[in-house]
Amino acid sequence: MAPKPTSPPATAVNPLQTLWKVYNDNTPHRLKFIDAFLFFLMLSGIIQFAYCILVSNYPYNAFLSGFSSTVGQFVLVASLRSQVNPQNKDEFKDVSPERAFADFAIGSIVLHFFVYNFLG
């Protein structure tokens, strides 16, 4: 007769619940807002890519513009997040949060200028 499987101890907690609790307790609201925007950009890119594969990629320039805009914006927002994170103050000593946001805004304007021009 096989031994009975034992259940985990009562003190063991689901790792995802622990991760979510620690994230909610220790992450500033500013970073949570940036993370929500990163999640939106990721979903937007996935939806655009799935649409291109499943439905149509016509016109192809529009797909490339939209997808590259999403990926570029994701990179810019991830950079902003790393610069305004209080735990990274030692890495970005000379960059204030205001300067980081100004760099993000200018980078976004330049990115979307190129995306708009690529549409033709």
# chains A, B, ... in the order shown; residues from 1 in each chain; ligands from 1

$ residues_around --residues "Asn117 in chain A" --least-positions-apart "4" --cutoff "10 Å" --atoms "only C-alpha atoms" --output "ChimeraX atom specification"
/A:65,112-113

$ write_last_selection --atoms "C-alpha atoms" --output "mmCIF file, in the first residue's frame"
data_model
loop_
_atom_site.group_PDB
_atom_site.id
_atom_site.type_symbol
_atom_site.label_atom_id
_atom_site.label_comp_id
_atom_site.auth_asym_id
_atom_site.auth_seq_id
_atom_site.Cartn_x
_atom_site.Cartn_y
_atom_site.Cartn_z
ATOM 1 C CA SER A 65 4.587 51.251 -36.415
ATOM 2 C CA HIS A 112 6.355 58.899 -31.675
ATOM 3 C CA PHE A 113 7.720 61.385 -34.218
#

$ closest_atom_pairs --of "range 65-88 of chain A" --to "range 105-109 of chain A" --cutoff "12 Å" --atoms "only C-alpha atoms" --output "CSV"
residue,atom,partner,partner_atom,distance
A:Ser69,CA,A:Ser108,CA,9.2
A:Thr70,CA,A:Ser108,CA,10.8
A:Val71,CA,A:Ser108,CA,11.5
A:Gly72,CA,A:Ser108,CA,8.3
A:Gln73,CA,A:Ser108,CA,6.7
A:Phe74,CA,A:Ser108,CA,10.2
A:Val75,CA,A:Ser108,CA,10.2
A:Leu76,CA,A:Gly107,CA,7.2
A:Val77,CA,A:Ser108,CA,9.2
A:Ser79,CA,A:Gly107,CA,10.7
A:Leu80,CA,A:Ala105,CA,9.8

$ residues_around --residues "range 17-33 of chain A" --least-positions-apart "5" --cutoff "12 Å" --atoms "only C-alpha atoms" --output "PyMOL selection string"
chain A and resi 12+38-40+77-87+97

$ closest_residue --among "A:Ser68, A:Asp90, A:Pro59, A:Phe101" --to "Phe114 in chain A" --atoms "only C-alpha atoms"
A:Ser68

$ decode --residues "range 19-46 of chain A" --atoms "N, CA, C and O atoms" --output "short mmCIF file (atom, residue, chain, number, x, y, z; two decimals), in the first residue's frame"
data_model
loop_
_atom_site.label_atom_id
_atom_site.label_comp_id
_atom_site.auth_asym_id
_atom_site.auth_seq_id
_atom_site.Cartn_x
_atom_site.Cartn_y
_atom_site.Cartn_z
N LEU A 19 4.31 36.99 -2.68
CA LEU A 19 4.89 37.98 -3.58
C LEU A 19 3.97 39.18 -3.73
O LEU A 19 4.41 40.33 -3.67
N TRP A 20 2.68 38.94 -3.92
CA TRP A 20 1.71 40.03 -4.08
C TRP A 20 1.62 40.88 -2.82
O TRP A 20 1.56 42.11 -2.90
N LYS A 21 1.63 40.24 -1.66
CA LYS A 21 1.54 40.98 -0.39
C LYS A 21 2.78 41.84 -0.19
O LYS A 21 2.67 43.02 0.18
N VAL A 22 3.95 41.29 -0.43
CA VAL A 22 5.20 42.06 -0.28
C VAL A 22 5.23 43.21 -1.28
O VAL A 22 5.64 44.32 -0.95
N TYR A 23 4.79 42.96 -2.51
CA TYR A 23 4.75 44.01 -3.53
C TYR A 23 3.83 45.14 -3.09
O TYR A 23 4.19 46.32 -3.18
N ASN A 24 2.63 44.80 -2.62
CA ASN A 24 1.68 45.83 -2.18
C ASN A 24 2.18 46.60 -0.96
O ASN A 24 1.92 47.79 -0.84
N ASP A 25 2.85 45.92 -0.06
CA ASP A 25 3.30 46.57 1.17
C ASP A 25 4.54 47.44 0.97
O ASP A 25 4.68 48.46 1.64
N ASN A 26 5.43 47.05 0.09
CA ASN A 26 6.73 47.71 0.00
C ASN A 26 6.94 48.59 -1.22
O ASN A 26 7.94 49.29 -1.30
N THR A 27 6.04 48.56 -2.18
CA THR A 27 6.22 49.33 -3.42
C THR A 27 5.48 50.66 -3.31
O THR A 27 4.29 50.68 -3.01
N PRO A 28 6.18 51.77 -3.58
CA PRO A 28 5.50 53.08 -3.54
C PRO A 28 4.42 53.18 -4.62
O PRO A 28 4.48 52.51 -5.66
N HIS A 29 3.46 54.04 -4.40
CA HIS A 29 2.34 54.20 -5.33
C HIS A 29 2.82 54.67 -6.70
O HIS A 29 2.26 54.28 -7.72
N ARG A 30 3.85 55.49 -6.74
CA ARG A 30 4.38 55.97 -8.02
C ARG A 30 4.86 54.79 -8.87
O ARG A 30 4.60 54.73 -10.07
N LEU A 31 5.55 53.85 -8.24
CA LEU A 31 6.05 52.70 -9.00
C LEU A 31 4.91 51.75 -9.38
O LEU A 31 4.96 51.12 -10.43
N LYS A 32 3.89 51.65 -8.55
CA LYS A 32 2.73 50.81 -8.89
C LYS A 32 2.02 51.37 -10.13
O LYS A 32 1.58 50.61 -10.99
N PHE A 33 1.93 52.69 -10.21
CA PHE A 33 1.31 53.32 -11.37
C PHE A 33 2.13 53.04 -12.63
O PHE A 33 1.58 52.72 -13.68
N ILE A 34 3.43 53.15 -12.52
CA ILE A 34 4.31 52.86 -13.66
C ILE A 34 4.20 51.38 -14.04
O ILE A 34 4.16 51.04 -15.22
N ASP A 35 4.13 50.49 -13.04
CA ASP A 35 3.99 49.06 -13.33
C ASP A 35 2.67 48.76 -14.04
O ASP A 35 2.62 47.90 -14.93
N ALA A 36 1.60 49.46 -13.66
CA ALA A 36 0.32 49.26 -14.34
C ALA A 36 0.42 49.69 -15.81
O ALA A 36 -0.12 49.01 -16.69
N PHE A 37 1.12 50.78 -16.08
CA PHE A 37 1.30 51.22 -17.46
C PHE A 37 2.18 50.23 -18.23
O PHE A 37 1.90 49.95 -19.40
N LEU A 38 3.20 49.67 -17.59
CA LEU A 38 4.02 48.64 -18.23
C LEU A 38 3.18 47.42 -18.58
O LEU A 38 3.33 46.84 -19.66
N PHE A 39 2.29 47.03 -17.67
CA PHE A 39 1.41 45.88 -17.93
C PHE A 39 0.49 46.18 -19.10
O PHE A 39 0.28 45.32 -19.97
N PHE A 40 -0.06 47.39 -19.16
CA PHE A 40 -0.91 47.78 -20.28
C PHE A 40 -0.15 47.73 -21.60
O PHE A 40 -0.67 47.24 -22.61
N LEU A 41 1.08 48.23 -21.61
CA LEU A 41 1.88 48.21 -22.84
C LEU A 41 2.18 46.78 -23.27
O LEU A 41 2.15 46.47 -24.46
N MET A 42 2.45 45.91 -22.30
CA MET A 42 2.72 44.52 -22.63
C MET A 42 1.48 43.86 -23.25
O MET A 42 1.57 43.18 -24.27
N LEU A 43 0.32 44.09 -22.64
CA LEU A 43 -0.92 43.53 -23.19
C LEU A 43 -1.22 44.09 -24.58
O LEU A 43 -1.65 43.36 -25.47
N SER A 44 -0.98 45.37 -24.75
CA SER A 44 -1.22 45.99 -26.05
C SER A 44 -0.33 45.38 -27.13
O SER A 44 -0.80 45.09 -28.25
N GLY A 45 0.93 45.15 -26.81
CA GLY A 45 1.84 44.52 -27.77
C GLY A 45 1.43 43.10 -28.10
O GLY A 45 1.48 42.67 -29.25
N ILE A 46 1.00 42.36 -27.08
CA ILE A 46 0.56 40.97 -27.30
C ILE A 46 -0.68 40.95 -28.19
O ILE A 46 -0.78 40.14 -29.12
#
